[in-house]
$ cat start-v4.txt   # compact mmCIF, C-alpha atoms and all ligand atoms
# COMPACT_ATOMS: atom_id res chain seq x y z
CA ALA G 1 72.88 97.11 100.27
CA LYS G 2 72.41 94.69 97.43
CA ALA G 3 72.30 97.44 94.83
CA ALA G 4 75.39 99.06 96.33
CA GLY G 5 77.18 95.73 96.20
CA LYS G 6 76.37 95.31 92.53
CA SER G 7 77.57 98.74 91.54
CA ALA G 8 80.71 98.22 93.59
CA TYR G 9 81.49 95.29 91.34
CA ARG G 10 80.74 97.13 88.11
CA THR G 11 83.11 99.89 89.12
CA CYS G 12 85.73 97.40 90.29
CA THR G 13 86.50 96.73 93.92
CA PRO G 14 90.02 97.47 95.17
CA ALA G 15 90.82 93.76 95.10
CA LEU G 16 89.87 93.56 91.46
CA ARG G 17 91.71 96.69 90.48
CA GLU G 18 94.96 95.77 92.24
CA SER G 19 95.19 92.34 90.78
CA ALA G 20 93.46 93.01 87.47
CA VAL G 21 91.31 89.95 87.95
CA SER G 22 88.34 90.41 85.70
CA ARG G 23 84.79 89.95 86.76
CA ALA G 24 84.53 86.91 84.49
CA GLU G 25 87.63 85.36 86.05
CA LEU G 26 86.33 85.98 89.53
CA ILE G 27 83.04 84.28 88.62
CA ALA G 28 84.96 81.29 87.27
CA ASP G 29 87.06 81.22 90.43
CA LEU G 30 83.96 81.44 92.61
CA ARG G 31 82.44 78.50 90.76
CA ARG G 32 85.38 76.37 91.94
CA ALA G 33 85.64 77.83 95.44
CA VAL G 34 83.24 75.44 97.16
CA ASP G 35 84.55 72.27 95.49
CA GLU G 36 88.16 73.24 96.09
CA GLU G 37 87.50 73.97 99.76
CA GLN G 38 88.57 77.59 99.59
CA LEU G 39 85.73 78.83 101.78
CA ARG G 40 86.05 78.99 105.53
CA LEU G 41 83.88 80.06 108.39
CA GLU G 42 84.79 82.39 111.17
CA PHE G 43 82.69 82.58 114.30
CA GLN G 44 81.82 85.68 116.28
CA PRO G 45 80.44 85.31 119.80
CA ILE G 46 77.04 86.57 120.90
CA VAL G 47 77.21 87.22 124.63
CA ASP G 48 74.90 87.61 127.58
CA LEU G 49 75.48 91.26 128.51
CA ALA G 50 74.94 90.71 132.22
CA THR G 51 77.39 87.81 132.65
CA GLY G 52 79.60 87.95 129.57
CA ALA G 53 78.85 84.28 128.88
CA VAL G 54 78.92 83.24 125.23
CA ARG G 55 75.43 82.11 124.28
CA SER G 56 75.77 81.72 120.56
CA ALA G 57 78.09 82.37 117.65
CA GLU G 58 77.42 83.77 114.20
CA ALA G 59 79.06 82.02 111.26
CA LEU G 60 80.65 84.49 108.83
CA VAL G 61 82.01 83.22 105.54
CA ARG G 62 85.44 84.07 104.09
CA TRP G 63 87.00 83.10 100.77
CA ARG G 64 90.66 82.23 100.68
CA HIS G 65 91.23 83.15 97.05
CA PRO G 66 94.26 81.44 95.53
CA ARG G 67 95.76 84.73 94.28
CA LEU G 68 93.87 87.54 96.06
CA GLY G 69 94.16 86.14 99.57
CA MET G 70 91.41 86.22 102.18
CA LEU G 71 88.29 87.98 100.91
CA ALA G 72 85.47 89.31 103.11
CA PRO G 73 81.88 88.59 102.12
CA ALA G 74 81.36 92.10 100.71
CA ARG G 75 84.00 91.27 98.08
CA PHE G 76 82.27 88.23 96.66
CA LEU G 77 78.73 87.77 97.95
CA PRO G 78 77.20 90.40 95.61
CA LEU G 79 78.71 88.51 92.68
CA ALA G 80 77.58 85.19 94.16
CA GLU G 81 74.05 86.55 94.43
CA GLU G 82 74.01 87.81 90.85
CA THR G 83 75.20 84.50 89.47
CA GLY G 84 73.21 82.14 91.69
CA LEU G 85 76.44 80.77 93.15
CA ILE G 86 75.13 81.96 96.51
CA LEU G 87 73.03 78.80 96.75
CA PRO G 88 75.89 76.27 96.92
CA ILE G 89 77.77 78.70 99.19
CA ASP G 90 74.81 79.04 101.58
CA ARG G 91 74.42 75.25 101.61
CA TRP G 92 78.07 74.74 102.42
CA VAL G 93 77.85 77.35 105.20
CA ILE G 94 74.78 75.69 106.77
CA HIS G 95 76.43 72.25 106.78
CA GLU G 96 79.76 73.52 108.06
CA ALA G 97 78.17 75.67 110.79
CA CYS G 98 76.11 72.73 112.05
CA ARG G 99 79.20 70.51 112.10
CA ALA G 100 81.11 73.13 114.11
CA ALA G 101 78.24 73.71 116.55
CA ALA G 102 77.96 69.99 117.23
CA THR G 103 81.51 70.09 118.60
CA TRP G 104 80.59 72.82 121.15
CA ARG G 105 77.88 70.76 122.77
CA ASP G 106 79.96 69.15 125.51
CA ARG G 107 81.14 72.52 126.79
CA ALA G 108 77.92 74.43 126.20
CA PRO G 109 74.86 72.26 125.66
CA GLU G 110 72.54 75.27 125.32
CA ALA G 111 74.69 77.18 122.82
CA THR G 112 73.31 77.95 119.39
CA VAL G 113 74.82 78.79 116.03
CA ALA G 114 73.54 81.51 113.68
CA VAL G 115 73.84 81.37 109.92
CA ASN G 116 73.08 84.11 107.37
CA ILE G 117 70.67 83.09 104.64
CA SER G 118 70.42 84.94 101.34
CA ALA G 119 67.12 86.17 99.90
CA ALA G 120 67.54 83.77 96.98
CA HIS G 121 67.78 80.83 99.33
CA LEU G 122 64.67 81.85 101.20
CA ARG G 123 62.73 81.67 97.95
CA ARG G 124 63.81 78.04 97.42
CA PRO G 125 61.61 75.22 98.72
CA ASP G 126 64.70 73.02 99.23
CA LEU G 127 65.91 75.28 102.07
CA ILE G 128 63.92 73.05 104.44
CA ALA G 129 65.64 69.89 103.17
CA THR G 130 69.08 71.52 103.35
CA VAL G 131 68.55 72.60 106.94
CA THR G 132 67.07 69.26 108.00
CA GLU G 133 69.93 67.31 106.42
CA ALA G 134 72.54 69.60 107.92
CA THR G 135 71.23 69.42 111.49
CA ALA G 136 70.46 65.69 111.37
CA GLY G 137 73.78 64.94 109.65
CA ALA G 138 75.70 66.80 112.36
CA GLY G 139 73.58 65.38 115.16
CA LEU G 140 72.59 68.90 116.12
CA ALA G 141 69.19 69.71 117.63
CA PRO G 142 67.27 71.99 115.25
CA ARG G 143 66.71 74.44 118.12
CA ALA G 144 70.49 74.96 118.21
CA LEU G 145 70.35 76.57 114.75
CA THR G 146 69.16 80.11 113.99
CA LEU G 147 68.78 81.45 110.48
CA GLU G 148 69.47 85.17 110.09
CA LEU G 149 67.39 86.88 107.44
CA THR G 150 67.53 90.52 106.46
CA GLU G 151 64.45 92.67 106.36
CA SER G 152 64.86 93.15 102.62
CA ALA G 153 64.82 89.38 102.08
CA LEU G 154 61.75 89.04 104.27
CA ILE G 155 59.90 91.94 102.72
CA GLU G 156 59.74 90.08 99.41
CA GLY G 157 58.01 87.45 101.48
CA THR G 158 55.37 85.77 99.45
CA GLU G 159 52.88 83.42 101.08
CA ALA G 160 55.19 80.53 100.11
CA VAL G 161 58.09 82.16 101.97
CA LEU G 162 55.94 82.72 105.06
CA GLU G 163 54.83 79.11 104.95
CA ARG G 164 58.47 78.01 104.72
CA LEU G 165 59.34 80.13 107.75
CA ARG G 166 56.48 78.56 109.68
CA GLN G 167 57.75 75.09 108.74
CA LEU G 168 61.23 76.02 109.95
CA ARG G 169 59.74 77.22 113.22
CA GLU G 170 57.83 73.98 113.60
CA LEU G 171 61.09 72.12 113.20
CA GLY G 172 62.45 74.23 116.06
CA ILE G 173 64.82 76.36 113.97
CA GLY G 174 65.23 79.97 115.19
CA ILE G 175 64.49 82.89 112.85
CA ALA G 176 66.38 86.13 113.46
CA ILE G 177 65.67 89.39 111.65
CA ASP G 178 69.13 90.76 110.86
CA ASP G 179 70.07 94.45 110.63
CA PHE G 180 66.73 95.27 112.24
CA GLY G 181 65.67 98.86 111.67
CA THR G 182 67.50 99.41 108.38
CA GLY G 183 64.92 97.97 106.03
CA TYR G 184 61.34 98.83 105.40
CA SER G 185 59.88 96.92 108.28
CA SER G 186 56.49 97.89 109.52
CA LEU G 187 54.89 96.68 112.67
CA SER G 188 52.36 94.67 110.70
CA TYR G 189 55.16 92.60 109.24
CA LEU G 190 56.39 91.66 112.69
CA HIS G 191 52.98 90.11 113.23
CA ARG G 192 53.23 88.01 110.09
CA ILE G 193 56.81 86.77 110.26
CA PRO G 194 57.33 83.97 112.78
CA ALA G 195 60.57 85.50 114.08
CA THR G 196 62.25 84.46 117.31
CA GLU G 197 64.90 87.19 117.46
CA LEU G 198 65.72 90.75 116.42
CA LYS G 199 69.27 91.90 115.75
CA ILE G 200 69.59 95.65 116.21
CA ASP G 201 71.67 97.02 113.36
CA ARG G 202 75.11 98.24 114.30
CA SER G 203 74.52 101.67 112.74
CA PHE G 204 72.25 102.50 115.72
CA VAL G 205 74.71 101.09 118.26
CA ALA G 206 77.54 103.11 116.68
CA ARG G 207 75.60 106.37 117.26
CA LEU G 208 74.44 105.58 120.80
CA GLY G 209 76.59 108.17 122.55
CA THR G 210 76.03 110.99 120.08
CA ASP G 211 72.51 110.68 118.71
CA ASP G 212 69.42 110.72 120.92
CA ARG G 213 67.36 109.17 118.17
CA ALA G 214 69.70 106.22 117.86
CA TYR G 215 69.41 105.73 121.64
CA ALA G 216 65.62 105.91 121.39
CA THR G 217 65.68 103.38 118.55
CA VAL G 218 67.75 100.83 120.47
CA GLU G 219 65.47 101.36 123.48
CA MET G 220 62.33 100.99 121.39
CA VAL G 221 63.49 97.82 119.60
CA THR G 222 64.55 96.27 122.92
CA ARG G 223 61.09 96.98 124.40
CA LEU G 224 59.37 95.79 121.27
CA ALA G 225 61.29 92.52 121.38
CA GLY G 226 60.35 92.06 125.03
CA ALA G 227 56.69 92.72 124.32
CA PHE G 228 56.71 90.26 121.40
CA ASP G 229 58.65 87.71 123.43
CA LEU G 230 61.57 87.80 121.01
CA ALA G 231 65.26 87.51 121.78
CA VAL G 232 67.23 90.66 120.97
CA VAL G 233 70.90 91.28 120.22
CA ALA G 234 72.70 94.62 119.92
CA GLU G 235 75.13 94.31 117.00
CA GLY G 236 78.44 96.05 116.51
CA VAL G 237 79.32 96.86 120.14
CA GLU G 238 82.86 98.20 119.90
CA THR G 239 83.41 100.33 123.01
CA GLU G 240 82.84 100.17 126.77
CA ARG G 241 80.53 103.18 126.43
CA GLN G 242 78.36 101.40 123.90
CA HIS G 243 78.36 98.34 126.15
CA ALA G 244 77.26 100.49 129.11
CA ALA G 245 74.51 102.08 127.02
CA VAL G 246 73.02 98.85 125.65
CA THR G 247 73.22 97.32 129.12
CA ALA G 248 71.48 100.34 130.69
CA ILE G 249 68.77 100.11 128.04
CA GLY G 250 68.22 96.53 129.15
CA CYS G 251 69.19 94.76 125.96
CA PRO G 252 70.03 91.22 127.09
CA ARG G 253 72.58 90.24 124.44
CA GLY G 254 75.37 91.81 122.47
CA GLN G 255 77.75 91.10 119.63
CA GLY G 256 80.71 93.11 118.45
CA TYR G 257 84.45 93.62 118.43
CA LEU G 258 84.39 94.45 122.17
CA TYR G 259 83.42 90.84 122.98
CA GLY G 260 85.22 89.12 120.15
CA ARG G 261 86.15 89.56 116.54
CA PRO G 262 85.25 86.90 114.06
CA ASP G 263 88.21 84.53 113.96
CA GLY G 264 88.80 81.18 112.48
CA PRO G 265 89.12 77.86 114.22
CA GLY G 266 92.56 77.41 115.70
CA THR G 267 93.28 81.08 116.24
CA VAL G 268 91.96 82.76 119.36
CA GLY G 269 89.61 79.95 120.16
CA GLN G 270 87.59 82.08 122.58
CA ASN G 271 84.85 82.81 120.14
CA ARG G 272 82.92 79.62 120.25
CA PRO G 273 80.74 78.70 123.16
P1 LIG P 301 75.96 90.74 109.08
O1 LIG P 301 75.14 89.51 109.02
O2 LIG P 301 75.33 91.97 109.59
O3 LIG P 301 77.26 90.33 109.92
C1 LIG P 301 77.91 91.18 110.80
C2 LIG P 301 79.08 91.87 110.16
O4 LIG P 301 79.54 92.89 111.02
C3 LIG P 301 80.27 90.95 109.90
O5 LIG P 301 80.95 91.41 108.75
C4 LIG P 301 81.11 91.20 111.15
O6 LIG P 301 82.48 90.90 110.97
C5 LIG P 301 80.90 92.67 111.34
N1 LIG P 301 81.09 93.09 112.73
C6 LIG P 301 80.91 92.37 113.85
N2 LIG P 301 81.15 93.11 114.95
C7 LIG P 301 81.47 94.34 114.52
C8 LIG P 301 81.83 95.55 115.19
O7 LIG P 301 81.90 95.65 116.42
N3 LIG P 301 82.10 96.63 114.40
C9 LIG P 301 82.03 96.57 113.04
N4 LIG P 301 82.32 97.68 112.35
N5 LIG P 301 81.71 95.44 112.37
C10 LIG P 301 81.42 94.34 113.11
P2 LIG P 301 81.37 90.41 107.58
O8 LIG P 301 81.88 89.13 108.14
O9 LIG P 301 82.25 91.19 106.67
O10 LIG P 301 80.00 90.10 106.87
C11 LIG P 301 79.30 91.09 106.17
C12 LIG P 301 77.94 90.61 105.72
O11 LIG P 301 78.05 89.56 104.77
C13 LIG P 301 77.11 90.01 106.86
O12 LIG P 301 76.52 91.07 107.60
C14 LIG P 301 76.12 89.17 106.11
O13 LIG P 301 75.06 89.97 105.61
C15 LIG P 301 76.95 88.68 104.93
N6 LIG P 301 77.43 87.32 105.20
C16 LIG P 301 78.48 86.93 105.95
N7 LIG P 301 78.62 85.60 105.96
C17 LIG P 301 77.60 85.11 105.19
C18 LIG P 301 77.19 83.79 104.79
O14 LIG P 301 77.78 82.77 105.18
N8 LIG P 301 76.11 83.69 103.96
C19 LIG P 301 75.42 84.79 103.52
N9 LIG P 301 74.36 84.59 102.71
N10 LIG P 301 75.77 86.04 103.89
C20 LIG P 301 76.85 86.20 104.70
CA CA P 302 73.98 88.33 110.34
CA CA P 303 73.67 92.22 111.09
CA CA P 304 74.72 93.73 107.75

$ encode --input "start-v4.txt" --output "structure tokens"
Amino acid sequence: AKAAGKSAYRTCTPALRESAVSRAELIADLRRAVDEEQLRLEFQPIVDLATGAVRSAEALVRWRHPRLGMLAPARFLPLAEETGLILPIDRWVIHEACRAAATWRDRAPEATVAVNISAAHLRRPDLIATVTEATAGAGLAPRALTLELTESALIEGTEAVLERLRQLRELGIGIAIDDFGTGYSSLSYLHRIPATELKIDRSFVARLGTDDRAYATVEMVTRLAGAFDLAVVAEGVETERQHAAVTAIGCPRGQGYLYGRPDGPGTVGQNRP
């Protein structure tokens, strides 16, 4: 996905083409985006499939570009990763997500917030300090925060990265493996990574009604999670049929447009626990 993102930029994304904003300009703009408070978070609910109760919410970043309007992560995160600007963005996201989650506590004391962490950030020793400062600063229990890491980020996992993950676990932070099933995961790696949760990639959920292998995959990952005592979430549930299928399989949690689209504070307001 990373490589695709890069080439998408080289060949110009629609946003770039329409507005003739050069790559260099966009990098300069991105450099200012955090300081000038142009980033925002939207939250998407993660629900208990049996009851519909919102258990958690995933923070998804958006960039309100001064001329291009609201940009989705696919439009700027590849560039942020190439330039290292992903680090200040990730830090801002962690702090902002913890602040938001602290405001949900009265309504839903057990609710958690999930934040996506880039591969670059996982390689940095200061991730621990960032996370500790963000939770403590917001008055949020570390167990109310889950970091979502993709398989590709984890696969580069050196011993230092594994040690960092163990430290995060000791602090009580949750570790979710995002887009599970799309990377190069092997079963041996599930033994090494101190994960607490698997997120079944939405490509499998999308094919549930039409592809027996996709069904078998969702079933297998759900069982695997149960056997490893991990939480599991079916991503990208868009239809009642997909909801019925993941429920029949016994997957306990779901996320997707059917339950709630990512929306910003002050809009629908149903998305946070
Ligand atoms: P992801 O972590 O897999 O996040 C889920 C993506 O699927 C989100 O796209 C969400 O809007 C979308 N989605 C949710 N439900 C459905 C559904 O039912 N159908 C379909 N078709 N899509 C659904 P979004 O917000 O565009 O984010 C894309 C990716 O960008 C994320 O994928 C994540 O890898 C990355 N990302 C987003 N926010 C952050 C962030 O704050 N930091 C970092 N490092 N990466 C982020
Ligand atoms: Ca995610
Ligand atoms: Ca995902
Ligand atoms: Ca994804």

$ atom_distance --input "start-v4.txt" --atom1 "atom CA of G:Arg261" --atom2 "atom CA of G:Val218"
21.9 Å

$ closest_residue --input "start-v4.txt" --among "G:Glu37, G:Glu163, G:Glu151, G:Asp106" --to "ligand CA 304 (chain P)" --atoms "all atoms listed in the file"
G:Glu151

$ closest_residue --input "start-v4.txt" --among "G:Ile193, G:Val54, G:Leu147, G:Leu168" --to "ligand CA 303 (chain P)" --atoms "only C-alpha atoms and all ligand atoms"
G:Leu147

$ closest_residue --input "start-v4.txt" --among "G:Gln44, G:Thr247, G:Ser203, G:Thr112" --to "ligand CA 304 (chain P)" --atoms "all atoms listed in the file"
G:Ser203

$ atom_distance --input "start-v4.txt" --atom1 "atom CA of G:Glu159" --atom2 "atom CA of G:Ser188"
14.8 Å

$ residues_near_ligand --input "start-v4.txt" --ligand "ligand LIG 301 (chain P)" --cutoff "7 Å" --atoms "only C-alpha atoms and all ligand atoms" --output "VMD selection string"
chain G and resid 59 to 61 72 to 74 77 86 90 93 115 to 118 178 to 179 235 to 238 255 to 258 261 to 262

$ closest_residue --input "start-v4.txt" --among "G:Ala248, G:Ala227, G:Ala114, G:Tyr189" --to "ligand CA 303 (chain P)" --atoms "all atoms listed in the file"
G:Ala114

$ atom_distance --input "start-v4.txt" --atom1 "atom CA of G:Ser56" --atom2 "atom CA of G:Arg124"
26.3 Å

$ closest_residue --input "start-v4.txt" --among "G:Glu197, G:Glu133, G:Glu96, G:Asp212" --to "G:Ala234" --atoms "only C-alpha atoms"
G:Glu197

$ closest_residue --input "start-v4.txt" --among "G:Met220, G:Glu42, G:His65, G:Gly52" --to "G:Leu30" --atoms "all atoms listed in the file"
G:His65

$ residues_near_point --input "start-v4.txt" --point "(79.1, 76.4, 90.7)" --cutoff "8 Å" --atoms "all atoms listed in the file" --output "JSON, numbers by chain"
{"G": [30, 31, 32, 34, 85, 88]}

$ residues_around --input "start-v4.txt" --residues "G:Ala153" --least-positions-apart "4" --cutoff "8 Å" --atoms "all atoms listed in the file" --output "PDB file with C-alpha atoms, in the frame of the given file"
ATOM      1  CA  SER G 118      70.420  84.940 101.340  1.00  0.00           C
ATOM      2  CA  ALA G 119      67.120  86.170  99.900  1.00  0.00           C
ATOM      3  CA  LEU G 122      64.670  81.850 101.200  1.00  0.00           C
ATOM      4  CA  LEU G 149      67.390  86.880 107.440  1.00  0.00           C
ATOM      5  CA  GLY G 157      58.010  87.450 101.480  1.00  0.00           C
TER       6      GLY G 157
END

$ residues_around --input "start-v4.txt" --residues "G:Thr210" --least-positions-apart "5" --cutoff "12 Å" --atoms "only C-alpha atoms" --output "JSON, numbers by chain"
{"G": [203, 204, 205, 215, 216, 241, 242, 245]}

$ write_last_selection --input "start-v4.txt" --atoms "C-alpha atoms" --output "PDB file, in the frame of the given file"
ATOM      1  CA  SER G 203      74.520 101.670 112.740  1.00  0.00           C
ATOM      2  CA  PHE G 204      72.250 102.500 115.720  1.00  0.00           C
ATOM      3  CA  VAL G 205      74.710 101.090 118.260  1.00  0.00           C
ATOM      4  CA  TYR G 215      69.410 105.730 121.640  1.00  0.00           C
ATOM      5  CA  ALA G 216      65.620 105.910 121.390  1.00  0.00           C
ATOM      6  CA  ARG G 241      80.530 103.180 126.430  1.00  0.00           C
ATOM      7  CA  GLN G 242      78.360 101.400 123.900  1.00  0.00           C
ATOM      8  CA  ALA G 245      74.510 102.080 127.020  1.00  0.00           C
TER       9      ALA G 245
END
